[in-house]
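So this block is start_3.pdb, PDB, C-alpha atoms and all ligand atoms:
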```
MODEL        1
ATOM      1  CA  MET A 100      -9.083  46.214  -9.867
ATOM      2  CA  ILE A 101     -12.262  44.144  -9.669
ATOM      3  CA  LYS A 102     -10.767  40.696  -9.239
ATOM      4  CA  ARG A 103      -8.301  40.191  -6.445
ATOM      5  CA  PRO A 104      -7.471  36.512  -5.779
ATOM      6  CA  ARG A 105      -5.528  37.536  -2.672
ATOM      7  CA  ARG A 106      -8.783  38.628  -1.005
ATOM      8  CA  LEU A 107      -9.658  34.979  -0.271
ATOM      9  CA  ARG A 108      -6.200  34.304   1.132
ATOM     10  CA  SER A 109      -6.280  37.048   3.714
ATOM     11  CA  SER A 110      -6.902  34.975   6.857
ATOM     12  CA  GLU A 111      -6.495  31.403   8.016
ATOM     13  CA  THR A 112     -10.264  31.129   8.597
ATOM     14  CA  LEU A 113     -11.011  32.228   5.066
ATOM     15  CA  ARG A 114      -8.286  30.061   3.570
ATOM     16  CA  ARG A 115      -9.747  27.044   5.312
ATOM     17  CA  MET A 116     -13.273  27.973   4.234
ATOM     18  CA  VAL A 117     -12.418  28.043   0.532
ATOM     19  CA  ARG A 118     -10.063  25.078   0.658
ATOM     20  CA  GLU A 119     -10.652  22.662  -2.225
ATOM     21  CA  THR A 120      -9.066  19.525  -0.796
ATOM     22  CA  ARG A 121     -10.062  18.235   2.606
ATOM     23  CA  ILE A 122      -8.184  15.436   4.249
ATOM     24  CA  ASP A 123      -9.672  13.114   6.762
ATOM     25  CA  LYS A 124      -8.037  10.408   8.862
ATOM     26  CA  SER A 125     -10.557   7.880   7.543
ATOM     27  CA  ALA A 126      -8.743   8.016   4.174
ATOM     28  CA  LEU A 127      -5.430   6.804   5.608
ATOM     29  CA  ILE A 128      -4.072   3.268   5.443
ATOM     30  CA  TYR A 129      -0.936   2.332   7.357
ATOM     31  CA  PRO A 130       1.343  -0.440   5.972
ATOM     32  CA  VAL A 131       2.709  -2.840   8.609
ATOM     33  CA  PHE A 132       5.448  -5.478   8.181
ATOM     34  CA  VAL A 133       4.910  -8.672  10.148
ATOM     35  CA  LYS A 134       7.686 -11.200  10.524
ATOM     36  CA  GLU A 135       7.644 -14.774  11.724
ATOM     37  CA  GLY A 136       9.218 -15.245  15.152
ATOM     38  CA  MET A 137       8.876 -13.827  18.671
ATOM     39  CA  ARG A 138       9.899 -10.571  20.337
ATOM     40  CA  ILE A 139      11.071  -9.048  17.057
ATOM     41  CA  ARG A 140      11.036  -5.291  16.618
ATOM     42  CA  GLU A 141      13.698  -4.547  14.018
ATOM     43  CA  GLU A 142      14.077  -1.080  12.612
ATOM     44  CA  ILE A 143      14.358  -1.096   8.815
ATOM     45  CA  PRO A 144      17.671   0.617   7.990
ATOM     46  CA  SER A 145      16.416   2.346   4.843
ATOM     47  CA  MET A 146      13.095   3.284   6.461
ATOM     48  CA  LYS A 147      13.937   4.882   9.813
ATOM     49  CA  GLY A 148      10.935   4.805  12.100
ATOM     50  CA  GLN A 149       9.430   1.729  10.405
ATOM     51  CA  PHE A 150       9.880  -1.750  11.841
ATOM     52  CA  ARG A 151       9.485  -5.442  11.198
ATOM     53  CA  TYR A 152       7.374  -6.851  14.008
ATOM     54  CA  SER A 153       6.700 -10.371  15.142
ATOM     55  CA  VAL A 154       3.013 -10.898  15.885
ATOM     56  CA  ASP A 155       3.411 -10.276  19.645
ATOM     57  CA  GLN A 156       5.175  -6.937  19.034
ATOM     58  CA  MET A 157       2.833  -5.989  16.200
ATOM     59  CA  LEU A 158       0.019  -5.851  18.714
ATOM     60  CA  TYR A 159       1.671  -2.902  20.523
ATOM     61  CA  GLU A 160       1.959  -1.132  17.205
ATOM     62  CA  MET A 161      -1.712  -1.797  16.398
ATOM     63  CA  GLU A 162      -2.624  -0.132  19.653
ATOM     64  CA  LYS A 163      -0.704   3.006  18.675
ATOM     65  CA  ILE A 164      -2.298   3.008  15.234
ATOM     66  CA  SER A 165      -5.738   2.693  16.703
ATOM     67  CA  ASN A 166      -5.042   5.422  19.277
ATOM     68  CA  ALA A 167      -3.841   7.736  16.509
ATOM     69  CA  GLY A 168      -7.313   7.483  14.993
ATOM     70  CA  ILE A 169      -6.251   5.476  11.961
ATOM     71  CA  SER A 170      -8.908   2.998  10.949
ATOM     72  CA  SER A 171      -7.100   0.736   8.517
ATOM     73  CA  VAL A 172      -3.852  -1.181   8.059
ATOM     74  CA  MET A 173      -2.247  -3.006   5.150
ATOM     75  CA  LEU A 174      -0.355  -6.133   6.216
ATOM     76  CA  PHE A 175       2.827  -7.427   4.574
ATOM     77  CA  GLY A 176       4.239 -10.768   5.679
ATOM     78  CA  ILE A 177       7.840 -11.912   6.009
ATOM     79  CA  PRO A 178       7.965 -15.702   6.365
ATOM     80  CA  GLU A 179      10.802 -17.667   7.900
ATOM     81  CA  HIS A 180      10.774 -20.166   5.098
ATOM     82  CA  LYS A 181      10.729 -19.313   1.390
ATOM     83  CA  ASP A 182      10.435 -21.818  -1.441
ATOM     84  CA  GLU A 183       9.770 -22.102  -5.171
ATOM     85  CA  LEU A 184       6.066 -22.621  -4.573
ATOM     86  CA  ALA A 185       5.576 -19.696  -2.160
ATOM     87  CA  SER A 186       3.889 -22.230   0.107
ATOM     88  CA  GLN A 187       3.945 -19.939   3.162
ATOM     89  CA  ALA A 188       1.802 -17.393   1.304
ATOM     90  CA  TYR A 189      -1.266 -19.602   1.620
ATOM     91  CA  ALA A 190      -0.291 -21.783   4.603
ATOM     92  CA  GLN A 191      -3.072 -21.906   7.162
ATOM     93  CA  ASN A 192      -0.635 -20.944   9.845
ATOM     94  CA  GLY A 193       1.395 -18.571   7.678
ATOM     95  CA  ILE A 194       2.575 -15.257   9.046
ATOM     96  CA  ILE A 195      -0.255 -13.134   7.626
ATOM     97  CA  GLN A 196      -2.852 -15.685   8.677
ATOM     98  CA  GLN A 197      -1.469 -15.707  12.250
ATOM     99  CA  ALA A 198      -1.205 -11.930  12.358
ATOM    100  CA  LEU A 199      -4.801 -11.499  11.199
ATOM    101  CA  LYS A 200      -6.187 -13.878  13.787
ATOM    102  CA  GLU A 201      -4.359 -12.213  16.677
ATOM    103  CA  ALA A 202      -4.866  -8.629  15.565
ATOM    104  CA  LYS A 203      -8.569  -9.061  14.881
ATOM    105  CA  LYS A 204      -9.064 -10.578  18.302
ATOM    106  CA  ARG A 205      -7.324  -7.685  20.080
ATOM    107  CA  PHE A 206      -8.275  -4.774  17.819
ATOM    108  CA  PRO A 207     -11.549  -5.603  16.119
ATOM    109  CA  GLU A 208     -12.146  -1.896  15.468
ATOM    110  CA  LEU A 209      -9.354  -1.798  12.875
ATOM    111  CA  TYR A 210      -9.970  -2.658   9.226
ATOM    112  CA  TYR A 211      -7.501  -5.219   7.860
ATOM    113  CA  ILE A 212      -6.302  -5.219   4.269
ATOM    114  CA  THR A 213      -3.742  -7.751   3.070
ATOM    115  CA  ASP A 214      -1.221  -7.385   0.279
ATOM    116  CA  VAL A 215      -1.624 -10.409  -1.967
ATOM    117  CA  CYS A 216       1.669 -11.150  -3.688
ATOM    118  CA  LEU A 217       4.250 -13.894  -3.743
ATOM    119  CA  CYS A 218       7.580 -12.030  -3.812
ATOM    120  CA  GLU A 219       8.041 -12.219  -0.033
ATOM    121  CA  TYR A 220       7.391 -15.973  -0.149
ATOM    122  CA  THR A 221       9.327 -17.227  -3.170
ATOM    123  CA  SER A 222      12.964 -18.271  -2.837
ATOM    124  CA  HIS A 223      13.765 -16.306  -6.027
ATOM    125  CA  GLY A 224      11.905 -13.144  -4.971
ATOM    126  CA  HIS A 225       9.721 -12.855  -8.061
ATOM    127  CA  CYS A 226       6.018 -12.149  -7.712
ATOM    128  CA  GLY A 227       4.939 -15.414  -9.330
ATOM    129  CA  MET A 228       5.718 -19.008 -10.254
ATOM    130  CA  LEU A 229       8.745 -19.492 -12.477
ATOM    131  CA  CYS A 230       8.972 -21.535 -15.621
ATOM    132  CA  ASN A 231      12.431 -21.481 -17.234
ATOM    133  CA  GLN A 232      13.414 -18.258 -15.444
ATOM    134  CA  GLU A 233      10.226 -16.550 -16.587
ATOM    135  CA  VAL A 234       7.210 -15.685 -14.496
ATOM    136  CA  ASP A 235       4.373 -17.956 -15.595
ATOM    137  CA  ASN A 236       1.238 -15.820 -15.535
ATOM    138  CA  ASP A 237      -1.479 -18.459 -15.486
ATOM    139  CA  ALA A 238       0.226 -20.794 -13.034
ATOM    140  CA  THR A 239       0.645 -17.792 -10.715
ATOM    141  CA  LEU A 240      -3.070 -16.949 -10.790
ATOM    142  CA  LYS A 241      -3.981 -20.158  -8.978
ATOM    143  CA  VAL A 242      -1.496 -19.493  -6.207
ATOM    144  CA  LEU A 243      -2.583 -15.873  -5.821
ATOM    145  CA  ALA A 244      -6.230 -16.885  -5.646
ATOM    146  CA  ARG A 245      -5.447 -19.504  -3.038
ATOM    147  CA  THR A 246      -3.480 -16.928  -1.043
ATOM    148  CA  ALA A 247      -6.310 -14.382  -1.171
ATOM    149  CA  LEU A 248      -8.783 -17.033  -0.016
ATOM    150  CA  SER A 249      -6.581 -18.030   2.911
ATOM    151  CA  HIS A 250      -6.374 -14.368   3.948
ATOM    152  CA  ALA A 251     -10.161 -14.054   3.832
ATOM    153  CA  GLN A 252     -10.501 -17.246   5.848
ATOM    154  CA  ALA A 253      -8.127 -15.845   8.458
ATOM    155  CA  GLY A 254     -10.229 -12.686   8.710
ATOM    156  CA  ALA A 255      -8.963 -10.191   6.110
ATOM    157  CA  ASP A 256     -11.562  -7.477   5.527
ATOM    158  CA  MET A 257     -10.162  -6.643   2.081
ATOM    159  CA  VAL A 258      -7.507  -8.130  -0.199
ATOM    160  CA  ALA A 259      -5.112  -6.186  -2.395
ATOM    161  CA  PRO A 260      -3.353  -8.075  -5.203
ATOM    162  CA  SER A 261      -0.079  -6.314  -6.063
ATOM    163  CA  ASP A 262       1.587  -8.843  -8.359
ATOM    164  CA  MET A 263       0.533  -7.363 -11.758
ATOM    165  CA  MET A 264      -0.313 -10.712 -13.370
ATOM    166  CA  ASP A 265      -2.964 -10.564 -16.099
ATOM    167  CA  GLY A 266      -6.349 -11.780 -14.910
ATOM    168  CA  ARG A 267      -5.542 -11.783 -11.190
ATOM    169  CA  VAL A 268      -8.502  -9.672 -10.136
ATOM    170  CA  ALA A 269     -10.921 -12.070 -11.830
ATOM    171  CA  ALA A 270      -9.147 -15.077 -10.335
ATOM    172  CA  VAL A 271      -9.273 -13.596  -6.834
ATOM    173  CA  ARG A 272     -12.890 -12.449  -7.172
ATOM    174  CA  GLU A 273     -13.967 -15.862  -8.379
ATOM    175  CA  ILE A 274     -12.403 -17.878  -5.585
ATOM    176  CA  LEU A 275     -13.752 -15.457  -2.961
ATOM    177  CA  ASP A 276     -17.259 -15.672  -4.400
ATOM    178  CA  VAL A 277     -17.263 -19.446  -4.722
ATOM    179  CA  ASN A 278     -16.292 -19.623  -1.055
ATOM    180  CA  LYS A 279     -19.007 -17.153  -0.036
ATOM    181  CA  TYR A 280     -16.726 -14.190   0.672
ATOM    182  CA  ILE A 281     -18.844 -12.040  -1.601
ATOM    183  CA  ASN A 282     -18.444  -8.991   0.603
ATOM    184  CA  VAL A 283     -14.653  -9.000   0.798
ATOM    185  CA  PRO A 284     -13.629  -6.194  -1.579
ATOM    186  CA  VAL A 285     -10.648  -6.341  -3.913
ATOM    187  CA  MET A 286      -8.391  -3.305  -4.017
ATOM    188  CA  SER A 287      -6.307  -3.718  -7.126
ATOM    189  CA  TYR A 288      -2.809  -2.338  -7.463
ATOM    190  CA  ALA A 289      -3.941  -1.626 -11.023
ATOM    191  CA  VAL A 290      -1.515   1.073 -12.102
ATOM    192  CA  LYS A 291       1.702  -0.215 -10.651
ATOM    193  CA  TYR A 292       4.919   0.859 -12.271
ATOM    194  CA  ALA A 293       8.271  -0.941 -12.255
ATOM    195  CA  SER A 294       9.802   1.642  -9.971
ATOM    196  CA  GLY A 295      13.076   2.427  -8.264
ATOM    197  CA  PHE A 296      10.979   3.851  -5.448
ATOM    198  CA  TYR A 297      10.304   0.327  -4.080
ATOM    199  CA  GLU A 298      13.923  -0.329  -3.159
ATOM    200  CA  PRO A 299      13.607   0.282   0.610
ATOM    201  CA  PHE A 300      10.493  -1.900   0.717
ATOM    202  CA  ARG A 301      12.399  -4.846  -0.716
ATOM    203  CA  ASP A 302      14.945  -4.357   2.006
ATOM    204  CA  ALA A 303      12.105  -4.227   4.558
ATOM    205  CA  ALA A 304      10.227  -7.244   3.221
ATOM    206  CA  GLU A 305      13.339  -9.193   2.199
ATOM    207  CA  SER A 306      11.741  -9.590  -1.213
ATOM    208  CA  ALA A 307      14.256  -8.365  -3.800
ATOM    209  CA  PRO A 308      14.406 -10.659  -6.845
ATOM    210  CA  THR A 309      17.576 -12.782  -6.841
ATOM    211  CA  PHE A 310      17.918 -12.301 -10.621
ATOM    212  CA  GLY A 311      16.435  -9.995 -13.239
ATOM    213  CA  ASP A 312      13.834  -7.355 -12.482
ATOM    214  CA  ARG A 313      10.052  -6.943 -12.428
ATOM    215  CA  LYS A 314       9.721  -5.216 -15.786
ATOM    216  CA  SER A 315       7.929  -8.119 -17.474
ATOM    217  CA  TYR A 316       4.973  -7.675 -15.136
ATOM    218  CA  GLN A 317       5.086  -4.167 -13.613
ATOM    219  CA  MET A 318       4.484  -1.248 -15.976
ATOM    220  CA  ASP A 319       6.951   0.875 -17.910
ATOM    221  CA  TYR A 320       6.992   4.340 -16.399
ATOM    222  CA  HIS A 321       6.977   6.024 -19.793
ATOM    223  CA  ASN A 322       3.379   4.930 -20.314
ATOM    224  CA  ARG A 323       0.105   6.578 -19.531
ATOM    225  CA  ARG A 324      -2.456   4.861 -21.790
ATOM    226  CA  GLU A 325      -1.250   1.453 -20.673
ATOM    227  CA  GLY A 326      -2.232   2.451 -17.144
ATOM    228  CA  ILE A 327      -5.740   3.252 -18.304
ATOM    229  CA  LYS A 328      -5.887  -0.153 -20.031
ATOM    230  CA  GLU A 329      -5.016  -1.826 -16.726
ATOM    231  CA  VAL A 330      -7.682   0.172 -14.883
ATOM    232  CA  LEU A 331     -10.425  -0.743 -17.346
ATOM    233  CA  LEU A 332      -9.465  -4.416 -17.301
ATOM    234  CA  ASP A 333      -9.433  -4.569 -13.517
ATOM    235  CA  GLU A 334     -12.775  -2.817 -13.388
ATOM    236  CA  GLU A 335     -14.241  -5.408 -15.767
ATOM    237  CA  GLU A 336     -12.753  -8.194 -13.671
ATOM    238  CA  GLY A 337     -14.538  -6.901 -10.597
ATOM    239  CA  ALA A 338     -12.078  -4.669  -8.764
ATOM    240  CA  ASP A 339     -13.736  -2.496  -6.112
ATOM    241  CA  ILE A 340     -10.941   0.034  -5.616
ATOM    242  CA  ILE A 341      -8.183   1.064  -8.015
ATOM    243  CA  MET A 342      -4.715   1.963  -6.790
ATOM    244  CA  VAL A 343      -1.988   4.035  -8.395
ATOM    245  CA  LYS A 344       1.548   3.396  -7.212
ATOM    246  CA  PRO A 345       3.945   5.129  -6.544
ATOM    247  CA  ALA A 346       2.160   8.396  -5.738
ATOM    248  CA  LEU A 347       4.481  11.387  -5.846
ATOM    249  CA  ALA A 348       6.011  10.897  -9.301
ATOM    250  CA  TYR A 349       2.667   9.691 -10.703
ATOM    251  CA  LEU A 350       0.237  12.433  -9.745
ATOM    252  CA  ASP A 351      -0.713  12.766 -13.418
ATOM    253  CA  MET A 352      -1.826   9.122 -13.384
ATOM    254  CA  ILE A 353      -3.950   9.640 -10.284
ATOM    255  CA  ALA A 354      -5.721  12.467 -12.101
ATOM    256  CA  HIS A 355      -6.171  10.465 -15.330
ATOM    257  CA  VAL A 356      -7.419   7.396 -13.529
ATOM    258  CA  LYS A 357      -9.952   9.490 -11.652
ATOM    259  CA  GLU A 358     -11.372  10.595 -15.012
ATOM    260  CA  VAL A 359     -11.813   7.135 -16.485
ATOM    261  CA  THR A 360     -13.229   5.152 -13.579
ATOM    262  CA  ASN A 361     -16.082   5.582 -11.153
ATOM    263  CA  LEU A 362     -14.364   3.340  -8.631
ATOM    264  CA  PRO A 363     -12.641   4.866  -5.605
ATOM    265  CA  VAL A 364      -9.007   5.709  -6.329
ATOM    266  CA  ALA A 365      -6.198   5.002  -3.883
ATOM    267  CA  ALA A 366      -2.612   6.273  -4.050
ATOM    268  CA  TYR A 367       0.333   4.533  -2.390
ATOM    269  CA  SER A 368       3.134   6.775  -1.209
ATOM    270  CA  VAL A 369       5.791   4.087  -1.331
ATOM    271  CA  SER A 370       8.905   3.263   0.635
ATOM    272  CA  GLY A 371      11.283   5.338  -1.515
ATOM    273  CA  GLU A 372       9.150   8.434  -1.063
ATOM    274  CA  TYR A 373       9.242   7.907   2.697
ATOM    275  CA  ALA A 374      12.994   7.251   2.688
ATOM    276  CA  MET A 375      13.782  10.398   0.706
ATOM    277  CA  ILE A 376      11.787  12.649   3.015
ATOM    278  CA  LYS A 377      13.271  10.993   6.118
ATOM    279  CA  ALA A 378      16.829  11.310   4.852
ATOM    280  CA  ALA A 379      16.522  14.962   3.860
ATOM    281  CA  ALA A 380      14.804  15.766   7.154
ATOM    282  CA  GLU A 381      17.564  14.042   9.125
ATOM    283  CA  LYS A 382      20.087  16.229   7.362
ATOM    284  CA  GLY A 383      18.054  19.253   8.406
ATOM    285  CA  TRP A 384      17.566  20.223   4.767
ATOM    286  CA  ILE A 385      13.759  20.180   4.820
ATOM    287  CA  ASP A 386      11.025  20.445   7.436
ATOM    288  CA  GLU A 387       9.647  16.908   7.622
ATOM    289  CA  ALA A 388       6.117  17.839   8.734
ATOM    290  CA  LYS A 389       5.719  20.453   6.013
ATOM    291  CA  ILE A 390       6.834  18.089   3.280
ATOM    292  CA  VAL A 391       4.692  15.222   4.555
ATOM    293  CA  CYS A 392       1.600  17.472   4.561
ATOM    294  CA  GLU A 393       2.354  18.936   1.170
ATOM    295  CA  THR A 394       2.955  15.589  -0.566
ATOM    296  CA  ALA A 395      -0.166  14.082   1.002
ATOM    297  CA  ALA A 396      -2.277  17.059  -0.068
ATOM    298  CA  ALA A 397      -0.876  16.719  -3.591
ATOM    299  CA  ALA A 398      -2.093  13.117  -3.867
ATOM    300  CA  PHE A 399      -5.564  14.081  -2.646
ATOM    301  CA  ARG A 400      -5.655  17.170  -4.878
ATOM    302  CA  ALA A 401      -4.777  14.961  -7.868
ATOM    303  CA  GLY A 402      -7.838  12.830  -7.091
ATOM    304  CA  ALA A 403      -6.932  10.142  -4.580
ATOM    305  CA  GLN A 404      -9.639   9.348  -2.044
ATOM    306  CA  ILE A 405      -7.527   6.858  -0.151
ATOM    307  CA  TYR A 406      -3.870   7.309   0.789
ATOM    308  CA  LEU A 407      -1.480   4.569   1.856
ATOM    309  CA  THR A 408       1.510   5.979   3.663
ATOM    310  CA  TYR A 409       4.214   5.074   6.162
ATOM    311  CA  TYR A 410       3.585   8.561   7.551
ATOM    312  CA  ALA A 411      -0.033   7.749   8.479
ATOM    313  CA  LYS A 412       0.496   8.191  12.231
ATOM    314  CA  GLU A 413       2.256  11.543  11.770
ATOM    315  CA  LEU A 414      -0.370  12.691   9.267
ATOM    316  CA  ALA A 415      -3.139  11.799  11.693
ATOM    317  CA  GLN A 416      -1.416  13.988  14.256
ATOM    318  CA  TYR A 417      -0.974  16.855  11.773
ATOM    319  CA  ILE A 418      -4.668  16.615  10.925
ATOM    320  CA  ASP A 419      -5.522  16.808  14.637
ATOM    321  CA  GLU A 420      -3.259  19.839  14.994
ATOM    322  CA  GLY A 421      -4.895  21.552  12.017
ATOM    323  CA  ARG A 422      -1.635  21.705  10.059
ATOM    324  CA  ILE A 423      -3.371  19.940   7.183
ATOM    325  CA  GLY A 424      -6.976  19.026   6.478
TER     326      GLY A 424
HETATM  327  C1  LIG B 501       4.767  -6.609  -3.490
HETATM  328  C2  LIG B 501       4.760  -5.172  -3.166
HETATM  329  C3  LIG B 501       5.781  -4.228  -3.316
HETATM  330  C4  LIG B 501       5.308  -3.039  -2.781
HETATM  331  C5  LIG B 501       3.996  -3.269  -2.356
HETATM  332  N1  LIG B 501       3.685  -4.593  -2.616
HETATM  333  C6  LIG B 501       7.171  -4.384  -3.836
HETATM  334  C7  LIG B 501       7.424  -4.638  -5.265
HETATM  335  O1  LIG B 501       6.502  -4.703  -6.075
HETATM  336  O2  LIG B 501       8.579  -4.829  -5.582
HETATM  337  C8  LIG B 501       6.073  -1.757  -2.664
HETATM  338  C9  LIG B 501       5.668  -0.878  -1.518
HETATM  339  C10 LIG B 501       6.647   0.175  -1.175
HETATM  340  O3  LIG B 501       7.685   0.370  -1.843
HETATM  341  O4  LIG B 501       6.398   0.852  -0.174
HETATM  342  N2  LIG B 501       4.905  -6.924  -4.822
ENDMDL
END
```
Take the structure from the file and write it as structure tokens.
Amino acid sequence: MIKRPRRLRSSETLRRMVRETRIDKSALIYPVFVKEGMRIREEIPSMKGQFRYSVDQMLYEMEKISNAGISSVMLFGIPEHKDELASQAYAQNGIIQQALKEAKKRFPELYYITDVCLCEYTSHGHCGMLCNQEVDNDATLKVLARTALSHAQAGADMVAPSDMMDGRVAAVREILDVNKYINVPVMSYAVKYASGFYEPFRDAAESAPTFGDRKSYQMDYHNRREGIKEVLLDEEEGADIIMVKPALAYLDMIAHVKEVTNLPVAAYSVSGEYAMIKAAAEKGWIDEAKIVCETAAAAFRAGAQIYLTYYAKELAQYIDEGRIG
């Protein structure tokens, strides 16, 4: 036999040498839920190990994140007051705006990305302004743009629109540029499917729609070419980074997207992915660390350069321990 693939698998040193996917902590982004109030540290029932923090408690968490060697966080806000206009999304003293100011003061070494969406702020839980029970695309753009600007003004290093309205990247880019935030990048949730995997998140962020679903704005999961259409549009509108979401059931999309764009590609391992691994691990049916490493490696192998995950702290530790990387 001349060719023996097993030859290169014969020792750990050799396996690591020929490894095709290398994972670095600098690629990890940790999502954090911030809630209005004081001394709040509530565990999210469907996401064991993840919490809603008030700003004062969030600071302790930021310290842990920073100590774990994670360089970036994605902030989600949970306001006390919700209304039809999502007014707390862009309020100067809104929850995200407060969180940014405090966190940046205490942990300037971290990189702060904000989720730009309205579902946590509207009384009806939809991602935009309503007109006769329908989400009004163009009216929503103005509110999203205003929200993104207020995040930049409060110190966001990057903004990430996740609403799936048409034209939102252009609207956000324009308002940032006009206000001289030319160097604040836009990470677009470009390929975002209407997914059952977001259920625990809606519990966490108290953002489930009170009627209907998100299928008129998030994508149908039967579609591949539609995802490419979204990527190309967002690229034209000035997106700097393209995200695919969820990750695990959409590895094919990560690979396709990587082929059609030269922009960096991010993958979001969403709340339902986290919840499934946690639940099975709690039952003792799987080895949590092994599954976390394997699913993360799969996203990177498919083409992701950036990985958003609720397991970021654990992954950072596994990387340090040489279990993955
Ligand atoms: C806001 C938003 C959602 C997620 C990220 N941004 C929820 C949704 O679209 O319903 C989901 C993240 C997760 O499930 O971890 N629109």
query = Any chance you could work out the residue set of the PyMOL selection byres (((chain A and resi 225) around 10) and not hetatm) here, as JSON, numbers by chain?
reply = {"A": [183, 185, 216, 217, 218, 219, 220, 221, 222, 223, 224, 226, 227, 228, 229, 232, 233, 234, 262, 306, 307, 308, 309, 310, 311, 312, 313, 316]}
key: Selection within 7 Å of ligand LIG 501 (chain B) by all atoms listed in the file, output as a ChimeraX atom specification   = /A:214,216,218,226,261-262,296-301,307,368-371
inquiry  = If we count all atoms listed in the file and set the cut-off at 7 Å, which residues sit around stretch 247-259 of chain A, ignoring sequence neighbours fewer than 4 positions away in its own chain? Please answer as a ChimeraX atom specification.
reply    = /A:189,191,196,199-200,210-215,243,271,274-275,283-288
message = Applying 8 Å and only C-alpha atoms, which residues near A:Val356 remain after dropping the ones on its own chain fewer than 6 positions away? List them as a list in words.
response = Ile327, Val330 and Val364 of chain A
key: Residues near A:Leu209, cut-off 10 Å, all atoms listed in the file, skip fewer than 5 positions along chain, as a PyMOL selection string   = chain A and resi 161-162+164-165+168-172+202-203+256
request  = Pull the neighbourhood of (-3.1, 11.9, -14.7) for me: all residues within 12 Å in file coordinates, counting all atoms listed in the file, as number ranges by chain.
outcome  = A: 290, 322-324, 326-327, 343, 346-359, 364, 398, 400-403
ask   = Hey, what comes out of the PyMOL selection byres (((chain A and resi 176) around 9) and not hetatm) on this file? Could you write it as a list in words?
value = Val131, Phe132, Val133, Lys134, Glu135, Leu174, Phe175, Ile177, Pro178, Ala188, Gly193, Ile194, Ile195, Ala198, Thr213, Asp214, Glu219, Tyr220 and Ala304 of chain A
Can you write out the residues you just picked, keeping C-alpha atoms, as a short mmCIF file (atom, residue, chain, number, x, y, z; two decimals), in the frame of the given file?
```
data_model
loop_
_atom_site.label_atom_id
_atom_site.label_comp_id
_atom_site.auth_asym_id
_atom_site.auth_seq_id
_atom_site.Cartn_x
_atom_site.Cartn_y
_atom_site.Cartn_z
CA VAL A 131 2.71 -2.84 8.61
CA PHE A 132 5.45 -5.48 8.18
CA VAL A 133 4.91 -8.67 10.15
CA LYS A 134 7.69 -11.20 10.52
CA GLU A 135 7.64 -14.77 11.72
CA LEU A 174 -0.36 -6.13 6.22
CA PHE A 175 2.83 -7.43 4.57
CA ILE A 177 7.84 -11.91 6.01
CA PRO A 178 7.96 -15.70 6.36
CA ALA A 188 1.80 -17.39 1.30
CA GLY A 193 1.40 -18.57 7.68
CA ILE A 194 2.58 -15.26 9.05
CA ILE A 195 -0.26 -13.13 7.63
CA ALA A 198 -1.20 -11.93 12.36
CA THR A 213 -3.74 -7.75 3.07
CA ASP A 214 -1.22 -7.38 0.28
CA GLU A 219 8.04 -12.22 -0.03
CA TYR A 220 7.39 -15.97 -0.15
CA ALA A 304 10.23 -7.24 3.22
#
```
Give, as JSON, the centre coordinates and the x, y and z edge lengths in Å to one decimal for an axis-aligned box around all listed atoms of stretch 152-167 of chain A, padded by 6 Å on each side.
```
{"center_x": 0.8, "center_y": -1.6, "center_z": 17.3, "size_x": 25.1, "size_y": 30.6, "size_z": 18.5}
```
key: Minimum-distance residue to A:Ala126, chosen among A:Asp237, A:Thr394, A:Ala365, A:Lys377 (using only C-alpha atoms)   = A:Ala365
task = Using the chain letters and numbering of this document, enumerate as a PyMOL selection string the residues selected by the PyMOL selection byres (((chain A and resi 337) around 9) and not hetatm).
result = chain A and resi 268-269+272+285+332-336+338-339
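For the atom pair formed by atom CA of A:Arg267 and atom CA of A:Lys279, the distance is 18.3 Å, given to one decimal.
For the set A:Met100, A:Ala190, A:Val154, A:Ala167, the residue with the smallest atom-to-atom gap to A:Ile418 is A:Ala167, counting only C-alpha atoms.
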Minimum-distance residue to A:Ala379, chosen among A:Lys147, A:Glu413, A:Gly266, A:Asp123 (using all atoms listed in the file) =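 Counting all atoms listed in the file, the residue closest to A:Ala379 is A:Lys147.
Note that atom CA of A:Arg245 and atom CA of A:Gln187 are 11.3 Å apart.
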What residues have an atom no more than 9 Å from (-8.4, 19.7, -4.1) in the file's own frame, counting all atoms listed in the file, and can you write them as a JSON list (two decimals) with C-alpha atoms, in the frame of the given file?
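part04.json written:
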```
[["chain", "number", "residue", "atom", "x", "y", "z"],
["A", 118, "ARG", "CA", -10.06, 25.08, 0.66],
["A", 119, "GLU", "CA", -10.65, 22.66, -2.22],
["A", 120, "THR", "CA", -9.07, 19.52, -0.80],
["A", 121, "ARG", "CA", -10.06, 18.24, 2.61],
["A", 396, "ALA", "CA", -2.28, 17.06, -0.07],
["A", 397, "ALA", "CA", -0.88, 16.72, -3.59],
["A", 399, "PHE", "CA", -5.56, 14.08, -2.65],
["A", 400, "ARG", "CA", -5.66, 17.17, -4.88],
["A", 401, "ALA", "CA", -4.78, 14.96, -7.87],
["A", 402, "GLY", "CA", -7.84, 12.83, -7.09]]
```
